[in-house]
$ cat upload.txt   # compact mmCIF, C-alpha atoms
# COMPACT_ATOMS: atom_id res chain seq x y z
CA MET A 1 0.00 0.00 0.00
CA LYS A 2 1.44 3.38 -0.99
CA TYR A 3 1.97 5.91 1.78
CA TYR A 4 2.12 9.56 0.71
CA ALA A 5 3.71 12.28 2.83
CA ASP A 6 3.78 16.07 2.63
CA PHE A 7 6.18 17.36 5.27
CA HIS A 8 6.25 21.10 4.53
CA VAL A 9 3.14 23.22 5.10
CA HIS A 10 2.27 26.33 7.11
CA SER A 11 -0.38 27.10 9.70
CA LYS A 12 -2.72 30.07 9.97
CA TYR A 13 -0.03 31.69 12.14
CA SER A 14 2.26 32.21 9.13
CA MET A 15 2.09 35.36 7.04
CA ALA A 16 0.09 35.22 3.79
CA THR A 17 -1.59 32.00 4.87
CA SER A 18 -5.24 30.96 4.81
CA LYS A 19 -7.22 31.11 8.03
CA HIS A 20 -8.30 27.56 7.23
CA MET A 21 -4.80 26.17 7.76
CA GLU A 22 -5.92 24.45 10.95
CA ILE A 23 -5.62 20.74 11.74
CA PRO A 24 -9.26 19.80 10.88
CA PHE A 25 -9.09 21.51 7.47
CA ILE A 26 -5.58 20.20 6.77
CA ALA A 27 -6.68 16.65 7.60
CA ARG A 28 -9.80 16.91 5.45
CA GLU A 29 -7.88 18.15 2.42
CA ALA A 30 -5.11 15.58 2.95
CA ARG A 31 -7.74 12.84 2.86
CA ALA A 32 -9.18 14.18 -0.41
CA LYS A 33 -5.71 14.46 -1.95
CA GLY A 34 -4.59 11.00 -0.80
CA ILE A 35 -1.89 12.23 1.60
CA ASN A 36 -1.43 9.83 4.54
CA LEU A 37 1.21 11.73 6.53
CA MET A 38 1.22 15.52 6.98
CA GLY A 39 3.86 17.74 8.48
CA THR A 40 2.35 20.01 11.13
CA GLY A 41 4.38 23.05 10.09
CA ASP A 42 5.15 25.98 12.37
CA PHE A 43 5.87 24.16 15.64
CA THR A 44 8.06 27.11 16.68
CA ASN A 45 4.97 29.33 17.07
CA PRO A 46 3.57 29.13 20.63
CA GLY A 47 -0.06 29.55 19.57
CA TRP A 48 0.16 26.82 16.96
CA LEU A 49 2.12 24.52 19.27
CA TYR A 50 -0.69 24.81 21.84
CA LEU A 51 -3.25 23.76 19.21
CA LEU A 52 -1.08 20.88 18.03
CA GLU A 53 -0.86 19.46 21.52
CA LYS A 54 -4.62 19.94 21.91
CA ASP A 55 -5.70 18.42 18.56
CA LEU A 56 -3.21 15.63 17.85
CA LYS A 57 -3.36 12.19 19.40
CA GLU A 58 -0.16 10.27 20.09
CA THR A 59 0.14 6.88 18.39
CA ALA A 60 2.23 3.78 19.09
CA ARG A 61 4.49 4.66 16.14
CA GLU A 62 7.53 6.76 17.01
CA GLY A 63 7.09 10.43 16.16
CA ILE A 64 3.67 9.93 14.57
CA TYR A 65 0.52 11.66 15.79
CA GLU A 66 -3.03 11.32 14.45
CA PHE A 67 -6.17 13.32 13.73
CA GLU A 68 -9.27 11.65 12.27
CA GLY A 69 -7.31 9.02 10.39
CA ILE A 70 -4.55 11.29 9.05
CA ASP A 71 -1.02 10.89 10.43
CA PHE A 72 1.02 13.93 11.45
CA ILE A 73 4.71 14.49 12.17
CA LEU A 74 6.17 17.55 13.92
CA THR A 75 7.74 19.97 11.43
CA ALA A 76 8.63 23.64 11.09
CA GLU A 77 10.39 25.98 8.69
CA VAL A 78 12.80 28.63 9.92
CA CYS A 79 14.47 31.53 8.14
CA ASN A 80 18.09 32.36 8.94
CA ILE A 81 19.26 35.85 7.98
CA PHE A 82 22.92 36.56 8.73
CA ASN A 83 26.10 38.04 7.29
CA GLU A 84 28.94 35.84 6.13
CA LYS A 85 32.11 37.04 4.43
CA GLY A 86 30.55 40.40 3.69
CA HIS A 87 27.37 39.01 2.15
CA THR A 88 23.86 38.78 3.53
CA LYS A 89 22.49 35.24 3.53
CA LYS A 90 18.77 34.43 3.70
CA ILE A 91 18.09 30.71 3.97
CA HIS A 92 14.96 28.67 4.72
CA SER A 93 15.26 25.26 6.37
CA LEU A 94 12.75 22.51 7.16
CA ILE A 95 13.10 20.82 10.54
CA ILE A 96 11.49 17.54 11.66
CA LEU A 97 11.52 16.42 15.30
CA PRO A 98 10.23 13.29 17.05
CA ASP A 99 8.15 14.59 19.97
CA PHE A 100 6.74 17.66 21.72
CA ASP A 101 9.34 17.71 24.51
CA THR A 102 12.14 17.94 21.95
CA VAL A 103 10.27 20.67 20.09
CA LYS A 104 9.95 22.72 23.30
CA ASN A 105 13.66 22.34 24.08
CA PHE A 106 14.61 23.44 20.57
CA ASN A 107 12.24 26.42 20.75
CA LYS A 108 13.85 27.43 24.02
CA ASN A 109 17.29 27.27 22.37
CA ILE A 110 16.40 29.57 19.49
CA ARG A 111 14.09 32.01 21.25
CA LYS A 112 16.88 34.50 21.99
CA PHE A 113 17.67 34.71 18.24
CA GLY A 114 14.18 35.52 16.99
CA LYS A 115 10.65 36.39 18.05
CA LEU A 116 8.79 33.10 17.75
CA GLU A 117 5.37 34.69 18.23
CA ALA A 118 5.77 37.01 15.23
CA ASP A 119 5.27 34.43 12.50
CA GLY A 120 4.81 30.75 11.85
CA ARG A 121 8.21 30.77 10.18
CA PRO A 122 10.51 32.69 12.54
CA THR A 123 13.45 34.78 11.39
CA LEU A 124 16.62 33.81 13.26
CA THR A 125 19.68 36.03 13.38
CA PHE A 126 22.39 33.40 13.40
CA SER A 127 24.17 31.22 10.86
CA LEU A 128 23.22 27.81 9.51
CA ARG A 129 26.08 26.32 11.48
CA ASP A 130 24.63 27.84 14.65
CA LEU A 131 21.20 26.50 13.69
CA ALA A 132 22.63 23.01 13.27
CA GLU A 133 24.47 23.23 16.58
CA SER A 134 21.31 24.35 18.41
CA LEU A 135 19.25 21.62 16.78
CA PHE A 136 21.58 18.67 17.18
CA SER A 137 22.45 19.61 20.76
CA VAL A 138 18.78 19.05 21.54
CA CYS A 139 18.29 15.94 19.38
CA GLU A 140 21.07 13.89 17.82
CA ASP A 141 18.54 12.37 15.41
CA ALA A 142 16.93 15.64 14.34
CA ILE A 143 16.18 15.98 10.61
CA LEU A 144 17.39 19.22 8.99
CA ILE A 145 16.48 19.75 5.33
CA PRO A 146 17.38 22.83 3.25
CA ALA A 147 14.02 24.03 1.92
CA HIS A 148 13.23 24.80 -1.76
CA LEU A 149 16.92 24.44 -2.52
CA TRP A 150 17.19 26.69 -5.60
CA THR A 151 14.84 29.58 -4.79
CA PRO A 152 16.88 32.70 -5.70
CA TRP A 153 16.41 34.59 -2.43
CA PHE A 154 15.79 31.94 0.22
CA GLY A 155 17.21 28.66 -1.12
CA LEU A 156 20.52 27.33 0.16
CA LEU A 157 21.84 27.18 -3.42
CA GLY A 158 19.87 30.25 -4.53
CA SER A 159 21.62 32.76 -6.76
CA GLN A 160 20.82 35.88 -4.73
CA SER A 161 21.61 35.02 -1.12
CA GLY A 162 22.67 31.38 -1.00
CA PHE A 163 25.85 29.33 -1.03
CA ASP A 164 27.57 27.24 -3.68
CA SER A 165 27.44 23.98 -1.70
CA ILE A 166 26.04 22.32 1.40
CA GLU A 167 29.57 22.09 2.78
CA GLU A 168 30.11 25.83 2.46
CA ALA A 169 26.83 26.50 4.26
CA PHE A 170 27.01 24.00 7.13
CA GLY A 171 30.72 23.37 7.57
CA ASN A 172 31.37 20.49 9.98
CA TYR A 173 27.64 19.78 10.16
CA SER A 174 27.29 19.11 6.42
CA ASN A 175 27.52 15.36 7.02
CA ARG A 176 24.30 15.63 9.06
CA ILE A 177 22.34 16.91 6.06
CA TYR A 178 20.79 13.83 4.48
CA ALA A 179 18.12 15.41 2.28
CA VAL A 180 17.22 18.59 0.40
CA GLU A 181 13.86 19.81 -0.86
CA THR A 182 13.65 20.32 -4.63
CA GLY A 183 11.02 23.08 -4.41
CA LEU A 184 8.45 23.99 -7.05
CA SER A 185 11.02 25.37 -9.51
CA SER A 186 13.30 22.33 -9.76
CA ASP A 187 12.88 18.59 -10.13
CA PRO A 188 15.17 15.56 -9.63
CA PRO A 189 16.79 15.53 -13.11
CA MET A 190 17.95 19.11 -12.57
CA ASN A 191 19.48 18.20 -9.20
CA TRP A 192 21.06 15.04 -10.60
CA LEU A 193 23.37 17.25 -12.69
CA LEU A 194 25.40 17.97 -9.52
CA SER A 195 27.69 15.20 -8.26
CA SER A 196 27.80 17.01 -4.91
CA LEU A 197 24.15 15.95 -4.41
CA ASP A 198 24.72 12.27 -5.24
CA LYS A 199 24.65 11.26 -1.58
CA ILE A 200 21.69 13.51 -0.77
CA THR A 201 18.10 12.28 -0.85
CA LEU A 202 15.69 14.54 -2.74
CA VAL A 203 12.31 15.23 -1.16
CA SER A 204 9.38 17.27 -2.46
CA ASN A 205 6.68 19.01 -0.46
CA SER A 206 3.85 21.43 -1.13
CA ASP A 207 4.94 24.36 1.09
CA ALA A 208 1.17 24.92 1.19
CA HIS A 209 -0.26 28.14 2.61
CA SER A 210 -3.85 27.04 1.92
CA PRO A 211 -5.63 23.66 2.11
CA ALA A 212 -6.16 23.44 -1.66
CA ASN A 213 -2.40 23.35 -2.26
CA ILE A 214 -1.69 20.44 0.09
CA GLY A 215 -0.04 17.55 -1.75
CA ARG A 216 0.77 19.50 -4.94
CA GLU A 217 4.26 18.09 -4.34
CA ALA A 218 4.75 15.07 -2.08
CA ASN A 219 6.69 11.89 -1.33
CA CYS A 220 5.56 8.32 -1.91
CA PHE A 221 6.75 5.51 0.37
CA LYS A 222 6.08 1.80 -0.11
CA ASN A 223 4.58 1.40 3.35
CA ALA A 224 3.72 3.47 6.41
CA ILE A 225 6.75 4.96 8.14
CA ASP A 226 7.60 6.32 11.56
CA TYR A 227 10.26 8.82 12.60
CA SER A 228 13.16 6.33 12.74
CA ALA A 229 12.20 4.80 9.40
CA LEU A 230 12.10 8.24 7.79
CA LEU A 231 15.53 9.12 9.16
CA ASP A 232 16.99 5.83 7.95
CA ILE A 233 15.44 6.19 4.49
CA LEU A 234 16.84 9.71 4.09
CA LYS A 235 20.28 8.59 5.24
CA SER A 236 20.40 5.61 2.88
CA GLN A 237 18.46 6.90 -0.15
CA ASP A 238 16.50 3.67 0.06
CA ALA A 239 14.73 3.49 -3.31
CA GLU A 240 12.94 0.29 -2.30
CA ARG A 241 11.10 1.98 0.57
CA PHE A 242 11.01 5.51 -0.93
CA LEU A 243 9.33 4.97 -4.30
CA TYR A 244 9.12 8.44 -5.86
CA THR A 245 8.46 12.12 -5.37
CA ILE A 246 5.58 14.04 -6.90
CA GLU A 247 6.77 17.15 -8.70
CA PHE A 248 5.37 20.19 -10.44
CA PHE A 249 6.59 20.69 -13.96
CA PRO A 250 9.43 23.00 -12.87
CA GLN A 251 8.97 25.15 -15.97
CA GLU A 252 5.73 26.41 -14.40
CA GLY A 253 7.76 28.41 -11.91
CA LYS A 254 7.92 32.13 -12.55
CA TYR A 255 11.73 32.16 -12.38
CA HIS A 256 12.62 28.98 -14.26
CA TYR A 257 14.14 30.51 -17.41
CA ASP A 258 16.08 33.76 -17.73
CA GLY A 259 14.40 36.81 -19.12
CA HIS A 260 13.25 40.40 -19.01
CA ARG A 261 9.51 40.80 -18.52
CA LYS A 262 9.29 44.43 -19.67
CA CYS A 263 10.85 43.58 -23.00
CA ASN A 264 9.08 40.22 -23.38
CA ILE A 265 12.41 38.42 -23.59
CA THR A 266 12.83 34.83 -22.37
CA PHE A 267 15.98 32.74 -22.81
CA HIS A 268 17.39 29.35 -21.96
CA PRO A 269 20.62 29.89 -19.98
CA GLU A 270 22.74 29.00 -23.01
CA GLU A 271 21.04 31.74 -25.02
CA SER A 272 21.52 34.20 -22.16
CA LYS A 273 25.24 33.54 -22.11
CA LYS A 274 25.43 34.33 -25.83
CA HIS A 275 24.04 37.76 -24.94
CA ASN A 276 26.37 38.17 -21.92
CA ASN A 277 23.27 37.87 -19.69
CA LEU A 278 22.00 41.18 -21.03
CA CYS A 279 18.60 41.95 -22.54
CA PRO A 280 19.06 42.41 -26.32
CA VAL A 281 16.24 44.98 -26.38
CA CYS A 282 17.14 47.42 -23.61
CA GLY A 283 20.65 46.31 -22.70
CA ARG A 284 19.88 45.81 -19.00
CA PRO A 285 20.83 42.63 -17.07
CA LEU A 286 18.46 39.72 -17.52
CA THR A 287 16.80 38.21 -14.46
CA LEU A 288 18.59 34.87 -14.21
CA GLY A 289 16.36 31.92 -13.34
CA VAL A 290 16.69 28.70 -11.38
CA LEU A 291 17.83 26.68 -14.39
CA HIS A 292 20.67 29.14 -14.98
CA ARG A 293 21.86 28.67 -11.40
CA VAL A 294 21.68 24.89 -11.75
CA CYS A 295 23.73 25.06 -14.95
CA ASP A 296 26.34 27.26 -13.25
CA LEU A 297 26.87 24.73 -10.43
CA ALA A 298 26.40 21.54 -12.46
CA ASP A 299 29.40 19.36 -13.20
CA ARG A 300 27.56 16.95 -15.51
CA LYS A 301 25.98 17.28 -18.92
CA GLU A 302 23.50 14.48 -18.30
CA ALA A 303 21.63 13.56 -15.13
CA LYS A 304 22.89 10.53 -13.24
CA LYS A 305 19.74 8.71 -12.16
CA GLU A 306 20.96 5.17 -11.44
CA GLY A 307 19.92 4.04 -7.98
CA ARG A 308 18.02 7.24 -7.25
CA VAL A 309 14.50 7.62 -5.94
CA GLY A 310 12.09 8.10 -8.84
CA TYR A 311 9.71 10.97 -9.57
CA LYS A 312 6.43 11.79 -11.31
CA ARG A 313 5.47 15.19 -12.71
CA LEU A 314 1.83 16.07 -12.17
CA ILE A 315 -0.63 18.94 -12.40
CA PRO A 316 -3.20 19.33 -9.58
CA LEU A 317 -6.62 17.92 -10.41
CA ARG A 318 -8.43 21.19 -9.72
CA GLU A 319 -6.33 22.90 -12.40
CA ILE A 320 -7.00 20.12 -14.90
CA ILE A 321 -10.75 20.35 -14.25
CA ALA A 322 -10.77 24.15 -14.45
CA ASN A 323 -8.94 24.32 -17.73
CA SER A 324 -10.81 21.40 -19.25
CA MET A 325 -14.11 23.12 -18.44
CA ASN A 326 -12.79 26.63 -19.21
CA VAL A 327 -13.63 28.04 -15.78
CA GLY A 328 -11.63 29.42 -12.84
CA THR A 329 -9.92 27.09 -10.37
CA LYS A 330 -12.04 28.45 -7.51
CA SER A 331 -15.38 28.10 -9.28
CA LYS A 332 -18.23 26.06 -7.83
CA LEU A 333 -18.11 23.74 -10.85
CA VAL A 334 -14.48 22.87 -10.12
CA GLU A 335 -15.14 22.26 -6.42
CA ASP A 336 -18.22 20.15 -7.10
CA THR A 337 -16.45 18.09 -9.77
CA HIS A 338 -13.34 17.64 -7.61
CA ARG A 339 -15.47 16.53 -4.66
CA LYS A 340 -17.46 14.12 -6.82
CA LEU A 341 -14.35 12.52 -8.30
CA THR A 342 -12.35 12.24 -5.07
CA THR A 343 -15.33 10.93 -3.11
CA TYR A 344 -16.14 8.23 -5.66
CA PHE A 345 -12.60 7.15 -6.53
CA GLY A 346 -11.04 7.65 -3.11
CA ASN A 347 -8.61 10.54 -3.58
CA GLU A 348 -6.87 12.82 -6.07
CA LEU A 349 -3.54 11.02 -6.30
CA ARG A 350 -5.25 7.76 -7.19
CA ILE A 351 -7.05 9.55 -10.03
CA LEU A 352 -3.92 11.28 -11.32
CA ILE A 353 -1.54 8.31 -11.05
CA ASP A 354 -3.17 4.90 -10.73
CA LEU A 355 -6.78 4.87 -11.88
CA PRO A 356 -7.28 3.02 -15.22
CA GLU A 357 -8.60 5.27 -17.96
CA LYS A 358 -11.59 2.98 -18.49
CA ASP A 359 -12.73 3.53 -14.90
CA LEU A 360 -12.68 7.30 -15.31
CA THR A 361 -14.30 7.31 -18.75
CA GLY A 362 -18.06 7.77 -18.59
CA PHE A 363 -17.99 9.00 -15.02
CA THR A 364 -16.90 12.54 -15.82
CA ASP A 365 -16.45 14.88 -18.79
CA ASP A 366 -14.32 13.34 -21.56
CA ARG A 367 -12.18 16.47 -21.68
CA ILE A 368 -11.13 15.89 -18.09
CA VAL A 369 -10.36 12.23 -18.78
CA LYS A 370 -8.20 13.07 -21.80
CA SER A 371 -6.34 15.77 -19.90
CA VAL A 372 -5.61 13.49 -16.93
CA ILE A 373 -4.17 10.81 -19.21
CA LYS A 374 -2.09 13.25 -21.25
CA VAL A 375 -0.59 14.81 -18.11
CA ARG A 376 0.10 11.33 -16.74
CA LYS A 377 2.05 10.55 -19.92
CA GLU A 378 3.64 14.04 -19.95
CA LYS A 379 2.19 14.69 -23.41
CA VAL A 380 2.19 18.41 -22.89
CA GLU A 381 3.70 21.53 -24.44
CA ILE A 382 5.73 23.63 -22.04
CA HIS A 383 6.35 27.37 -22.08
CA PRO A 384 8.74 28.16 -19.19
CA GLY A 385 8.19 31.00 -16.76
CA TYR A 386 10.69 33.85 -16.45
CA ASP A 387 11.28 37.13 -14.58
CA GLY A 388 8.09 36.87 -12.51
CA VAL A 389 5.94 35.54 -15.37
CA TYR A 390 4.40 32.16 -14.61
CA GLY A 391 5.02 29.35 -17.06
CA LYS A 392 2.28 27.65 -19.08
CA ILE A 393 1.59 24.05 -19.95
CA LEU A 394 -0.49 23.33 -23.03
CA ILE A 395 -2.36 20.05 -23.35
CA PRO A 396 -2.75 19.30 -27.06
CA GLU A 397 -6.42 18.71 -27.92
CA ASP A 398 -8.78 19.31 -30.83
CA SER A 399 -9.56 22.57 -29.03
CA PRO A 400 -6.67 23.98 -27.00
CA ASN A 401 -7.05 23.27 -23.29
CA ARG A 402 -4.54 25.38 -21.45
CA ILE A 403 -3.04 24.52 -18.10
CA THR A 404 -1.31 27.40 -16.37
CA THR A 405 0.48 27.45 -13.10
CA GLN A 406 -1.36 28.52 -9.97
CA ARG A 407 -1.93 32.25 -9.82
CA SER A 408 -0.43 32.37 -6.35
CA LEU A 409 1.95 30.07 -4.51
CA PHE A 410 -0.26 30.61 -1.47

$ encode --input "upload.txt" --output "structure tokens"
Amino acid sequence: MKYYADFHVHSKYSMATSKHMEIPFIAREARAKGINLMGTGDFTNPGWLYLLEKDLKETAREGIYEFEGIDFILTAEVCNIFNEKGHTKKIHSLIILPDFDTVKNFNKNIRKFGKLEADGRPTLTFSLRDLAESLFSVCEDAILIPAHLWTPWFGLLGSQSGFDSIEEAFGNYSNRIYAVETGLSSDPPMNWLLSSLDKITLVSNSDAHSPANIGREANCFKNAIDYSALLDILKSQDAERFLYTIEFFPQEGKYHYDGHRKCNITFHPEESKKHNNLCPVCGRPLTLGVLHRVCDLADRKEAKKEGRVGYKRLIPLREIIANSMNVGTKSKLVEDTHRKLTTYFGNELRILIDLPEKDLTGFTDDRIVKSVIKVRKEKVEIHPGYDGVYGKILIPEDSPNRITTQRSLF
């Protein structure tokens, strides 16, 4: 039985987050999506921590809590902003801990470096090495994962405020980093171009700020896991127990390619280099995207995928329905159709990945069926995003059904 996990979400205590990001709503949406294990998010926030202790029920499985049939594990994201060698660094990290006592001890350690009440994702004024020291002094088996690795401003390898390697960022603690999060703008093949990531397990999570976005990226395990099993899988890159990640098409991201929005210029990194990274229309510097940064750090021409955990690129079902029916993603028709499909067939991931086409045919609009199958087979046309412009995915049909990225990451 497949066991899907989404470790990175935010609560209603985080900025720009839906008021519905509470445990009952998160659990309900996880059930509809087919997610078995949810990260709690935001355990550093006192208000949210109080609700977590109130709502979640401890289970017999190490580090696993439960609410109405959905498993939860204690997670949080923190933001470190600090100066190093004359440069300002801004890095987001995902933290997973095994129990509430450990969470409280960690929160006590970091409280003097940031106001935990101010946000669900606190800003901490010390380095990543200091973060690692604070974390591992509390829990030797803590899980520390650089979040959305390539995001220009807040990814560990981001072009604007990141580092060039995990070793440069964490120093002596780099051997305690077993996994990184690909983020919405990169996928495994992009990361496989770096030999420095060969020993690192790639995970994918939604970073959801609203219930509808839960599970848009996720991780698929062969069977149910607990805290120790997760740690062991991340350490060993166990592709027998960790089957695959669920990924966005990274080209949907609004900073995937290079470009200049004002001049309607978009380039692959190789084309940008031919123009010295300057806009050929106005002469100003191009905004360099995630793919450009990957190419700069890559030491391979082709991705090395042997022995690695697999992946599947998907588009959320609500978006497929909306574009198939030519309506907005938040329309009543989309919600009613999504509810009908997920209630009858069990959940969204089953529909998108496993359900035979013959079972779906006749139950819903043929346009939806065709779109689901084409996305499953990656028979799509891709127009990458650039310089703040979201990418587009076109599903070839007799009449053009257009899939675009979500209007907001929240």

$ residues_around --input "upload.txt" --residues "Lys12 (chain A)" --least-positions-apart "3" --cutoff "12 Å" --atoms "all atoms listed in the file" --output "PDB file with C-alpha atoms, in the frame of the given file"
ATOM      1  CA  VAL A   9       3.140  23.220   5.100  1.00  0.00           C
ATOM      2  CA  MET A  15       2.090  35.360   7.040  1.00  0.00           C
ATOM      3  CA  ALA A  16       0.090  35.220   3.790  1.00  0.00           C
ATOM      4  CA  THR A  17      -1.590  32.000   4.870  1.00  0.00           C
ATOM      5  CA  SER A  18      -5.240  30.960   4.810  1.00  0.00           C
ATOM      6  CA  LYS A  19      -7.220  31.110   8.030  1.00  0.00           C
ATOM      7  CA  HIS A  20      -8.300  27.560   7.230  1.00  0.00           C
ATOM      8  CA  MET A  21      -4.800  26.170   7.760  1.00  0.00           C
ATOM      9  CA  GLU A  22      -5.920  24.450  10.950  1.00  0.00           C
ATOM     10  CA  ILE A  23      -5.620  20.740  11.740  1.00  0.00           C
ATOM     11  CA  PHE A  25      -9.090  21.510   7.470  1.00  0.00           C
ATOM     12  CA  ILE A  26      -5.580  20.200   6.770  1.00  0.00           C
ATOM     13  CA  THR A  40       2.350  20.010  11.130  1.00  0.00           C
ATOM     14  CA  GLY A  41       4.380  23.050  10.090  1.00  0.00           C
ATOM     15  CA  ASP A  42       5.150  25.980  12.370  1.00  0.00           C
ATOM     16  CA  PHE A  43       5.870  24.160  15.640  1.00  0.00           C
ATOM     17  CA  ASN A  45       4.970  29.330  17.070  1.00  0.00           C
ATOM     18  CA  GLY A  47      -0.060  29.550  19.570  1.00  0.00           C
ATOM     19  CA  TRP A  48       0.160  26.820  16.960  1.00  0.00           C
ATOM     20  CA  LEU A  49       2.120  24.520  19.270  1.00  0.00           C
ATOM     21  CA  LEU A  51      -3.250  23.760  19.210  1.00  0.00           C
ATOM     22  CA  ASP A 119       5.270  34.430  12.500  1.00  0.00           C
ATOM     23  CA  GLY A 120       4.810  30.750  11.850  1.00  0.00           C
ATOM     24  CA  ARG A 121       8.210  30.770  10.180  1.00  0.00           C
ATOM     25  CA  ALA A 208       1.170  24.920   1.190  1.00  0.00           C
ATOM     26  CA  HIS A 209      -0.260  28.140   2.610  1.00  0.00           C
ATOM     27  CA  SER A 210      -3.850  27.040   1.920  1.00  0.00           C
ATOM     28  CA  PRO A 211      -5.630  23.660   2.110  1.00  0.00           C
ATOM     29  CA  PHE A 410      -0.260  30.610  -1.470  1.00  0.00           C
TER      30      PHE A 410
END

$ residues_around --input "upload.txt" --residues "Asp299 (chain A)" --least-positions-apart "2" --cutoff "9 Å" --atoms "all atoms listed in the file" --output "list in words"
Leu193, Leu194, Ser195, Ser196, Cys295, Asp296, Leu297 and Lys301 of chain A

$ closest_residue --input "upload.txt" --among "A:Gly388, A:Pro188, A:Gly69, A:Pro250" --to "Thr287 (chain A)" --atoms "only C-alpha atoms"
A:Gly388

$ atom_distance --input "upload.txt" --atom1 "CA of Asn83 (chain A)" --atom2 "CA of Glu168 (chain A)"
13.7 Å
